[in-house]
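Structure, as structure tokens:
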Amino acid sequence: MKSEFGIIKLFTILFLLSVAVHAQKGRKEFTPGKEWLDTEGQVINAHGAGFLFENGTYYWFGESRAERSSLGVAVYSSKDLYNWKNEGLALNPVDGDDEHDIARGCVMERPKVIFNEKTGKYVMWFHLEMKGQGYNAARVAVAVADQVVGPYNFVTSYRPNGNMSRDMTVFVDDDGSAYHIYSSRDNYDLRIAKLSDDYLHHTAQDSLMFGEHREAPAIIKHEGLYYLITSGCTGWKPNDASIHVSESLFGNWKRKPSPLRGPHANITFDGQSTYILPVLGKKDAYIFIADRWKPQDLRNSPYIWLPLEFDSGEPIVQWRDSWDLSMFD
Ligand code: DGJ
């Protein structure tokens with residue numbers, strides 16, 4: 001009798017689990033700030049995200065985290081942006097060599113992957129803090145792969161043109177030139193540097209964008225203008241986002257009021273920017289992506305995905321409890 005009960009219990013649990021997994025597979029909306037499971041029913045663990053689109057598939061790269069420590073760079077894939085399959089770790093820390101730049105115990109943050117048309121290589125840039133050095137190394141690092149999901153091979157890490165480099169993004173312009181945008185001088189400056197043609201190192205074209213103590217850069221180009229959303233610098237705590245606009249990447253960046261609207265917009269909806277994702281095949285469709293950091297449990301920090309719309313030429317990110325891509329139709 002007792003064992004019969006056990007079997008019924010087990011089947012009930014298995015049934016509920018399969019319902020949960022099935023429900024996730026059939027996801028058709030975004031629920032900002034809520035738990036987001038992958039196609040296997042596990043919490044998506046890919047923070048400080050960056051994205052690449054290729055052959056009808058989106059790839060989501062992000063920090064894989066334990067409660068606090070860095071486990072490497074995770075990659076997920078999706079055809080519809082709602083349902084994500086875990087493709088494993090694209091880049092692993094190195095075990096058994098504590099002197100290695102990416103020795104296990106290092107911190108890998110805000111990974112961004114771009115594809116180089118000339119070399120046919122996938123190039124990953126990320127913010128690297130070295131094992132046992134807190135946030136003092138302030139380096140950028142690069143890894144390369146032949147396949148989008150990796151494995152990525154570490155190439156090198158350094159301070160670009162001698163400058164400290166923490167929060168960052170990379171951006172490929174219409175002509176194929178790539179740029180690294182990074183917080184420097186203890187985060188007081190935001191700088192931009194052009195990458196080499198193979199995207200594997202920095203050129204000397206490296207200049208100050210503005211010195212307003214900003215980090216968490218996320219950029220798009222829309223109708224010939226560059227829009228750059230950033231956060232203030234308050235560690236893991238949320239703060240007010242800002243947007244800067246310029247006609248040129250090296251140009252005159254003008255600060256505009258925050259584009260965020262709705263409850264807690266003044267603290268970025270309790271989050272911090274990481275990326276603005278253009279939705280392929282839809283005109284003027286962008287998704288503003290942020291992390292809602294849980295510093296004691298980074299693995300489970302939720303994601304905030306919200307539509308970024310242009311209203312009379314001005315970018316607006318309005319809070320929504322849930323939404324789907326049909327709003328771009
Ligand atoms: C804020 C940054 O934006 C995050 O990526 C991370 O580096 C934290 N600071 C660490 O305190």
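To be explicit about the labels: the chains of the structure tokens are called A, B, and onward in the order shown, and within each one the residues are counted from 1, while ligands get numbers from 1 in the order they are shown.
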
Contacts of stretch 42-51 of chain A at 6 Å (only C-alpha atoms; same-chain gap of 4+ positions) as a ChimeraX atom specification
/A:36-38,59-64,74,110,112,274,299

request  = Fewer than 4 positions away in the same chain doesn't count, so skip those; otherwise give me all residues within 9 Å of A:Leu325, counting only C-alpha atoms, as a list in words.
outcome  = Lys28, Glu29, Phe30, Val279, Ala285, Pro307 and Asp329 of chain A

Pull C-alpha atoms from the residues just selected and write them as a short mmCIF file (atom, residue, chain, number, x, y, z; two decimals), in the first residue's frame.
data_model
loop_
_atom_site.label_atom_id
_atom_site.label_comp_id
_atom_site.auth_asym_id
_atom_site.auth_seq_id
_atom_site.Cartn_x
_atom_site.Cartn_y
_atom_site.Cartn_z
CA LYS A 28 4.67 33.06 -26.56
CA GLU A 29 5.22 36.18 -24.50
CA PHE A 30 7.81 38.07 -22.50
CA VAL A 279 14.20 42.25 -34.09
CA ALA A 285 11.59 46.93 -33.75
CA PRO A 307 10.05 46.92 -26.49
CA ASP A 329 3.29 44.47 -36.48
#

At most 7 Å from ligand 1 (only C-alpha atoms and all ligand atoms): residue list as number ranges by chain:
A: 48, 109-110, 167, 215-216, 233-236, 272

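When atom CA of A:Ile289 is paired with atom CA of A:Pro238, their separation reads 14.0 Å.
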
| task | Determine, counting only C-alpha atoms, which protein, DNA and RNA residues have an atom within 8 Å of an atom of A:Ser248; residues of the same chain fewer than 3 positions away are not included. Present the result as an MDAnalysis selection string. | result | chainID A and resid 225:226 251:252

Just the selected residues (N, CA and C atoms), exported as a PDB file, in the first residue's frame, please.
ATOM      1  N   LEU A 225      21.188  57.703 -36.854  1.00  0.00           N
ATOM      2  CA  LEU A 225      21.657  58.222 -35.557  1.00  0.00           C
ATOM      3  C   LEU A 225      22.029  57.063 -34.635  1.00  0.00           C
ATOM      4  N   TYR A 226      23.041  57.300 -33.800  1.00  0.00           N
ATOM      5  CA  TYR A 226      23.443  56.304 -32.818  1.00  0.00           C
ATOM      6  C   TYR A 226      22.801  56.658 -31.480  1.00  0.00           C
ATOM      7  N   GLY A 251      31.592  61.157 -32.444  1.00  0.00           N
ATOM      8  CA  GLY A 251      31.106  62.529 -32.567  1.00  0.00           C
ATOM      9  C   GLY A 251      30.679  63.158 -31.273  1.00  0.00           C
ATOM     10  N   ASN A 252      29.759  64.001 -31.427  1.00  0.00           N
ATOM     11  CA  ASN A 252      29.329  64.842 -30.345  1.00  0.00           C
ATOM     12  C   ASN A 252      28.132  64.167 -29.660  1.00  0.00           C
TER      13      ASN A 252
END

field: For A:Tyr199, the nearest of the candidates A:Ser231, A:Asn116, A:Asn266, A:Asn187, counting only C-alpha atoms
entry: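 Looking only at the distances to A:Tyr199, the closest residue turns out to be A:Asn116.
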
Show which residues sit within 12 Å of A:Trp305, as an MDAnalysis selection string. Count only C-alpha atoms, and ignore same-chain residues fewer than 4 positions away. chainID A and resid 29:34 36 49 81:82 268:269 271:277 286:292 317:325

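Residues within 7 Å of A:Met124, counting only C-alpha atoms and excluding same-chain residues fewer than 2 positions away, are Pro111, Lys112, Val113, Ile114, Tyr122, Phe126, Val142, Ala143 and Val144 of chain A.
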
Within 12 Å of stretch 66-72 of chain A, which residues of stretch 123-208 of chain A show up? Give each one with its shortest atom-to-atom distance in Å (one decimal) and the two atoms involved, counting only C-alpha atoms, rows by chain then rising residue number, as CSV.
residue,atom,partner,partner_atom,distance
A:Phe126,CA,A:Gly72,CA,10.6
A:His127,CA,A:Gly72,CA,11.7
A:Leu128,CA,A:Ser70,CA,10.5
A:Glu129,CA,A:Ser70,CA,10.2
A:Met130,CA,A:Ser70,CA,11.0
A:Lys131,CA,A:Ser70,CA,10.3
A:Gly132,CA,A:Ser69,CA,11.7
A:Gly134,CA,A:Ser69,CA,11.6
A:Ala143,CA,A:Gly72,CA,12.0
A:Pro151,CA,A:Gly72,CA,11.5
A:Tyr152,CA,A:Gly72,CA,10.8
A:Phe154,CA,A:Gly72,CA,11.6

Restricting the output to C-alpha atoms, write the selected residues as a CSV table (one decimal), in the first residue's frame.
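Writing done, so here's result_36.csv:
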chain,number,residue,atom,x,y,z
A,126,PHE,CA,34.2,40.4,-22.7
A,127,HIS,CA,35.2,42.3,-19.5
A,128,LEU,CA,37.8,40.3,-17.6
A,129,GLU,CA,38.7,40.5,-13.9
A,130,MET,CA,41.6,38.2,-13.0
A,131,LYS,CA,41.5,35.6,-10.2
A,132,GLY,CA,42.1,37.1,-6.8
A,134,GLY,CA,38.8,41.9,-7.3
A,143,ALA,CA,38.3,34.7,-27.7
A,151,PRO,CA,34.1,26.2,-28.2
A,152,TYR,CA,35.8,29.6,-28.1
A,154,PHE,CA,41.0,32.4,-25.5
